[in-house]
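Student: Sharing a structure, written as structure tokens. Questions coming.
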Amino acid sequence: MASLLKIENLCVAVDDKLILKGVNLEVRQGEIHALMGPNGSGKSTLAYALMGHPKYEIVEGNISVDGASLNELEPDARARMGLFLAFQYPVTIPGVKVADFLRHAVSNVRNPNRKEGEGLIPMRDFRKELKSRMEELGIDLEFARRYLNDGFSGGEKKRMEILQLAMLRPKFAILDETDSGLDSDAVRFVSEAISRLSGPDMAIVIITHHERLLEFNVPQQTHVMLAGRIVEDGDARLAHELHDQGYAGIRARHPAIAAEEQEETAARQPGAAVGARG
Amino acid sequence: MSTELKTAFENEVGVGDYQYGFHDPIDKYVFTARKGLDRDIVAQISEMKGEPAWMREFRLHALEIFFSKPMPHWGGNLTELDFQNIHYYVKASQSQEKSWDDVPEDIRKTYDRLGIPEAEKKHLAGVKAQYESEVVYGSLQEDLAKQGVIFTDTDSALRDHPDLFREYFGTVIPSGDNKFAALNSAVWSGGSFIYVPKGVKIDFPLQAYFRINSENMGQFERTLIIVDEGASVHYVEGCTAPTYSSESLHSAVVEIIVKRNARCRYTTIQNWSNNVYNLVTKRAMAYGDSLMEWVDGNLGSRLTMKYPAIYLMEPGARGETLSIAFAGPGQHQDAGAKMVHCAPNTYSRIISKSISKGGGRSSYRGLAKVVKGAASCKSNVVCDALILDSASRSDTYPYIEIERDDVTIEHEASVSKISEEQLFYLMSRGLTEAEAASMIVTGFIEPLVKELPMEYAVEMNKLIELQMEGSVG
């Protein structure tokens with residue numbers, strides 16, 4: 001049976017400031033969702049809160065997979081339950097080789113009961129699998145021996161996120177602006193790669209400003225965030241409309257929340273011009 | 001939430017249990033000097049060893065220097081070190097053996113647990129095992145002996161190679177160099193003596209293993225290595241001790257002469273228990289176009305003060321020091337390197353990485369010096385410190401003394417904390433917090449560890465993991 005990721009009335013604070021104000025969302029294994037919204041509307045906050053970043057405090061509400069709450073779980077436990085976040089800005093881990101890191105990660109995620117210090121998955125099998133995933137994704141095999149994200153270009157970092165996705169095969173993948181900062185060829189490449197990886201066993205939540213990713217990965221559902229809430233749901237047409245017309249229509253349809261957004265933006269940047277980009 | 005993370009981190013990444021903290025019974029020892037230090041003790045050591053008169057005088061003279069010099073007021077805290085509460089000479093077995101089977105059982109078992117005989121079979125050209133004050137086991141591959149290589153304990157060298165010994169002993173580090181060099185000169189016992197003849201290149205490492213077993217023990221090995229022209233050698237030393245509540249003292253002197261076109265690498269993996277004061281003087285003289293390398297790993301001890309030095313004596317000499325220090329709870333690693341450019345066109349490089357955890361303190365203390373006549377020298381110093389929690393501390397004390405202006409001296413230093421974002425990234429891929437922290441630390445020292453021969457790289461990583469994971473080996 002398809003697993004269900006359920007987000008109920010999720011309220012999240014960062015440094016005691018409330019960012020998410022009651023988000024509700026259901027994602028089933030195998031579905032593709034687009035999560036859109038202007039800058040500062042809470043998309044990345046939702047992604048980080050789902051993955052369990054320690055600075056993102058759940059003050060109310062619940063995140064669960066098949067009824068089991070994730071609220072109190074550490075990020076590694078969530079990863080073992082099948083969550084994955086492709087980072088917008090992956091960090092560099094100097095001195096840690098991609099292959100060593102991934103073998104450890106894959107061992108833990110595929111064997112959720114593995115205790116620290118227990119054996120990793122066999123080297124030969126792992127190497128073989130890594131090699132074929134890298135070939136499929138057009139990643140130079142030399143990257144396996146490089147230090148994680150160290151000296152990688154923006155595009156290489158994003159490909160590395162997709163490689164991790166391919167190796168870890170999560171039930172729920174959240175892609176946080178995986179297409180940002182890439183030229184159009186790279187976006188096309190990443191889009192195709194994601195489309196090949198997705199299937200009935202994987203749900204994908206795509207956080208994006210661009211169309212391209214959604215052309216190859218047509219969402220069944222589109223959600224629009226504004227000032228820490230999901231204000232509208234629709235299908236692929238909604239994503240298309242937002243891409244063409246920006247968020248003016250959304251703000252017009254939700255004037256009270258748009259006003260709240262304006263206040264928050266002003267508070268964040270005192271003296272700066274108000275107004276978020278579309 | 002972030003304080004929770006910190007607490008969880010500090011709990012999980014707890015103190016690694018020291019796996020070498022066991023000790024053997026001492027009732028079968030051949031001789032244990034009474035505690036304390038005076039002329040009688042020094043004379044007694046010399047007499048028991050049957051030394052020539054000049055060495056006895058050398059020792060007694062050094063003792064006077066030791067008493068006359070004040071305790072260093074820099075570096076670490078030495079106020080709790082009581083010189084009169086230490087046994088300066090302890091002999092556990094009657095003689096040095098050539099076969100492990102002949103080594104007394106308790107001692108042999110200890111070395112088995114440390115994995116020495118096994119390592120010897122696999123990848124070592126020769127081994128010395130020093131237990132307390134004396135070397136209890138020694139071996140050297142036959143073909144090396146035939147080529148004239150000498151690898152013996154320093155006491156035997158004084159007896160068997162008196163001329164060679166006297167030509168070099170005390171020439172690199174005179175007794176008056178510092179208080180602890182004077183102490184070692186007065187009470188030295190054991191250590192390795194190596195002579196590699198001209199042009200002989202030794203492919204596999206020679207290893208010495210130093211073990212302190214009894215409480216309030218002072219170990220004062222004296223090592224002298226002479227690498228003749230065009231020869232090369234890699235010497236490795238490891239050190240452990242049992243965990244006791246009162247202190248022991250390890251104060252070695254290591255002198256190295258690297259002649260023209262020769263090469264010497266000296267690797268230390270120091271893993272003393274946390275009650276050992278480790279106060280060591282190490283210095284090499286590197287002659288024309290030679291290469292001297294110190295690879296210095298400091299994981300254990302209560303306080304380590306050690307700054308391996310290289311004097312670049314003739315043009316073309318190169319010196320390199322790679323230093324890793326790990327300071328855990330109650331530990332202070334005051335370590336670094338000295339490079340003294342005494343000739344033109346000499347090159348030096350210092351790379352230092354330190355990790356402080358659980359209230360530990362690590363200090364980098366280094367000297368880059370260029371004398372007046374040394375034109376066109378280059379020196380490069382990089383030191384990076386990683387601090388794992390707010391209770392820990394790191395300091396950098398770089399000293400640069402240059403007496404001319406046509407030299408290139410580079411110094412870079414960085415201090416970083418283990419970042420929450422790095423931890424989160426790795427944990428989001430399924431690594432536990434401890435695994436993630438351990439991986440970040442392993443990555444931090446990777447550029448140094450990859451310089452080690454495979455076996456020691458594995459050993460170093462294993463030791464770091466033990467420190468990080470709190471598991472028992």
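Residues in the structure tokens are named by chain (A, B, ... in the order shown) and by number from 1 within that chain; ligands are numbered from 1 in the order shown.
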If the cut-off is 6 Å, can you tell me the residues of chain B near chain A, counting only C-alpha atoms? I'd like them as a list in words.

Tutor: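 Within 6 Å of chain A on chain B, we get Met1, Ser2, Met427, Ser428, Arg429, Gly430, Leu431, Thr432, Gly443, Phe444 and Glu446 of chain B.
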
Student: Could you write out the selected residues, including C-alpha atoms, as a tab-separated table (two decimals), in the first residue's frame?

Tutor:
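part.tsv written:
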chain	number	residue	atom	x	y	z
B	1	MET	CA	16.07	23.00	20.17
B	2	SER	CA	19.62	24.02	19.42
B	427	MET	CA	21.99	13.40	9.35
B	428	SER	CA	19.37	14.10	6.69
B	429	ARG	CA	21.06	11.29	4.75
B	430	GLY	CA	20.58	8.83	7.58
B	431	LEU	CA	23.80	9.23	9.55
B	432	THR	CA	23.37	9.44	13.32
B	443	GLY	CA	37.37	14.55	6.96
B	444	PHE	CA	39.08	17.40	8.78
B	446	GLU	CA	42.02	13.46	6.03

Student: Write out as a list in words all residues of stretch 136-271 of chain A that backbone DSSP assigns to strand (DSSP E).

Tutor: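 After running DSSP on the backbone, stretch 136-271 of chain A has strand (DSSP E) at Phe172, Ala173, Ile174, Leu175, Asp176, Ala203, Ile204, Val205, Ile206, Ile207, Gln221, Thr222, His223, Val224, Met225, Leu226, Arg229, Ile230, Val231, Glu232, Asp233 and Gly234 of chain A.
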
Student: With C-alpha atoms kept, could you save the residues just selected as a CSV table (one decimal), in the first residue's frame?

Tutor:
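Dumped everything to out-v7.csv:
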chain,number,residue,atom,x,y,z
A,172,PHE,CA,9.2,11.1,-0.1
A,173,ALA,CA,11.6,13.4,-1.9
A,174,ILE,CA,11.5,17.1,-1.3
A,175,LEU,CA,13.4,19.1,-4.0
A,176,ASP,CA,14.1,22.6,-2.7
A,203,ALA,CA,6.6,10.8,-4.1
A,204,ILE,CA,8.2,14.1,-5.2
A,205,VAL,CA,7.5,17.5,-3.8
A,206,ILE,CA,9.0,20.1,-6.1
A,207,ILE,CA,9.7,23.5,-4.7
A,221,GLN,CA,-1.3,18.8,-7.3
A,222,THR,CA,0.0,22.3,-7.0
A,223,HIS,CA,0.0,24.2,-3.7
A,224,VAL,CA,0.6,27.9,-3.3
A,225,MET,CA,2.1,29.3,-0.1
A,226,LEU,CA,1.7,32.8,1.1
A,229,ARG,CA,0.1,29.0,4.9
A,230,ILE,CA,-1.0,27.0,1.9
A,231,VAL,CA,-3.6,29.3,0.4
A,232,GLU,CA,-4.6,27.5,-2.8
A,233,ASP,CA,-4.5,24.0,-4.2
A,234,GLY,CA,-4.9,23.1,-7.8

Student: Any idea what's packed within 9 Å of A:Leu25, counting only C-alpha atoms, ignoring anything in its chain fewer than 4 positions away? Could you give it as a list in words?

Tutor: Leu5, Lys6, Ile7, Glu8, Asn9, His223 and Ile230 of chain A

Student: Just want the 7 Å neighbourhood of stretch 178-186 of chain A, counted on only C-alpha atoms, with same-chain residues fewer than 2 positions away dropped. Output as number ranges by chain.

Tutor: A: 86, 88, 154-155, 158, 175-176, 188-190

Student: Between atom CA of B:Pro329 and atom CA of B:Ser392, measure the distance and give it in Å to one decimal.

Tutor: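 One can read the atom CA of B:Pro329 to atom CA of B:Ser392 distance as 8.4 Å.
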
Student: Excluding B:Arg263 and its own-chain neighbours fewer than 5 positions away, which residues fall within 6 Å of it when counting only C-alpha atoms? Please give them as a list in words.

Tutor: Ser232, Ser290, Leu291 and Met292 of chain B

Student: Could you check which of B:Ala92, B:Leu78, B:Ile150, B:Ala186 is closest to B:Glu247, using only C-alpha atoms?

Tutor: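 Closest candidate: B:Leu78.
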
Student: List the neighbours of stretch 81-86 of chain B out to 7 Å using only C-alpha atoms; skip same-chain residues closer than 3 positions along the sequence, and give me the result as a PyMOL selection string.

Tutor: chain B and resi 35-37+78+216-218

Student: Might you pull out every residue within 12 Å of stretch 100-117 of chain B, with only C-alpha atoms counted and same-chain residues fewer than 3 positions away left off, and present them as a PDB file with C-alpha atoms, in the first residue's frame?

Tutor:
ATOM      1  CA  GLN B  19      41.187   0.809  25.224  1.00  0.00           C
ATOM      2  CA  TYR B  20      44.798   0.468  26.310  1.00  0.00           C
ATOM      3  CA  GLY B  21      44.196   1.360  29.967  1.00  0.00           C
ATOM      4  CA  PHE B  22      44.788  -2.172  31.320  1.00  0.00           C
ATOM      5  CA  HIS B  23      47.958  -3.021  33.249  1.00  0.00           C
ATOM      6  CA  ASP B  24      50.023  -6.094  34.100  1.00  0.00           C
ATOM      7  CA  PRO B  25      51.173  -7.305  37.563  1.00  0.00           C
ATOM      8  CA  ILE B  26      54.511  -5.848  38.637  1.00  0.00           C
ATOM      9  CA  ASP B  27      55.548  -8.405  41.276  1.00  0.00           C
ATOM     10  CA  LYS B  28      57.937 -10.235  38.940  1.00  0.00           C
ATOM     11  CA  TYR B  29      59.951  -7.150  38.045  1.00  0.00           C
ATOM     12  CA  VAL B  30      63.723  -7.483  38.139  1.00  0.00           C
ATOM     13  CA  ALA B  92      60.657  -5.541  34.168  1.00  0.00           C
ATOM     14  CA  SER B  93      62.606  -8.404  32.587  1.00  0.00           C
ATOM     15  CA  GLN B  94      66.162  -9.658  32.631  1.00  0.00           C
ATOM     16  CA  SER B  95      67.127  -9.255  28.984  1.00  0.00           C
ATOM     17  CA  GLN B  96      66.088  -8.235  25.525  1.00  0.00           C
ATOM     18  CA  GLU B  97      64.748 -11.141  23.485  1.00  0.00           C
ATOM     19  CA  GLU B 120      55.603  -7.084  12.535  1.00  0.00           C
ATOM     20  CA  LYS B 121      54.743 -10.094  10.378  1.00  0.00           C
ATOM     21  CA  LYS B 122      52.787  -8.023   7.910  1.00  0.00           C
ATOM     22  CA  HIS B 123      54.610  -4.815   7.200  1.00  0.00           C
ATOM     23  CA  LEU B 124      57.588  -4.006   9.367  1.00  0.00           C
ATOM     24  CA  GLY B 126      62.183  -4.329  12.324  1.00  0.00           C
ATOM     25  CA  VAL B 127      60.644  -3.871  15.778  1.00  0.00           C
ATOM     26  CA  LYS B 128      61.757  -2.677  19.205  1.00  0.00           C
ATOM     27  CA  ALA B 129      59.425  -3.058  22.134  1.00  0.00           C
ATOM     28  CA  GLN B 130      60.251  -0.998  25.174  1.00  0.00           C
ATOM     29  CA  TYR B 131      58.449  -1.893  28.386  1.00  0.00           C
ATOM     30  CA  GLU B 132      59.040   0.515  31.284  1.00  0.00           C
ATOM     31  CA  VAL B 135      63.705  -2.741  25.535  1.00  0.00           C
ATOM     32  CA  VAL B 136      62.331  -6.284  25.996  1.00  0.00           C
ATOM     33  CA  TYR B 137      62.173  -7.408  22.389  1.00  0.00           C
ATOM     34  CA  GLY B 138      64.057  -6.544  19.237  1.00  0.00           C
ATOM     35  CA  SER B 139      64.147  -7.731  15.657  1.00  0.00           C
ATOM     36  CA  LEU B 206      61.122   0.203  11.479  1.00  0.00           C
ATOM     37  CA  GLN B 207      58.823   0.410  14.471  1.00  0.00           C
ATOM     38  CA  ALA B 208      59.352   0.991  18.152  1.00  0.00           C
ATOM     39  CA  TYR B 209      56.604   0.516  20.654  1.00  0.00           C
ATOM     40  CA  PHE B 210      56.771   2.222  24.025  1.00  0.00           C
ATOM     41  CA  ARG B 211      54.697   0.944  26.898  1.00  0.00           C
ATOM     42  CA  ILE B 212      54.525   2.265  30.440  1.00  0.00           C
ATOM     43  CA  ASN B 213      52.976  -0.300  32.809  1.00  0.00           C
ATOM     44  CA  GLU B 237      56.762   4.885  17.184  1.00  0.00           C
ATOM     45  CA  GLY B 238      53.629   4.138  19.120  1.00  0.00           C
ATOM     46  CA  CYS B 239      53.019   4.723  22.810  1.00  0.00           C
ATOM     47  CA  THR B 240      50.395   3.629  25.362  1.00  0.00           C
ATOM     48  CA  ALA B 241      50.064   3.351  29.125  1.00  0.00           C
ATOM     49  CA  PRO B 242      47.546   2.086  31.706  1.00  0.00           C
ATOM     50  CA  ASN B 271      48.229   7.535  22.565  1.00  0.00           C
ATOM     51  CA  GLU B 455      48.334   0.659   8.099  1.00  0.00           C
ATOM     52  CA  GLU B 459      45.075   3.014  12.879  1.00  0.00           C
ATOM     53  CA  GLY B 473      37.498  -1.556  20.815  1.00  0.00           C
TER      54      GLY B 473
END

Student: What does the distance from atom CA of B:Ile440 to atom CA of B:Ser419 come to in Å, to one decimal?

Tutor: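 Atom CA of B:Ser419 lies 9.3 Å from atom CA of B:Ile440.
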
Student: Check stretch 153-256 of chain A with DSSP on the backbone and list each residue it calls helix (DSSP H, G or I), as a ChimeraX atom specification.

Tutor: /A:154-168,184-197,212-216,236-245,248-253,255-256

Student: What does the distance from atom CA of B:Thr281 to atom CA of B:Pro308 come to in Å, to one decimal?

Tutor: 6.9 Å
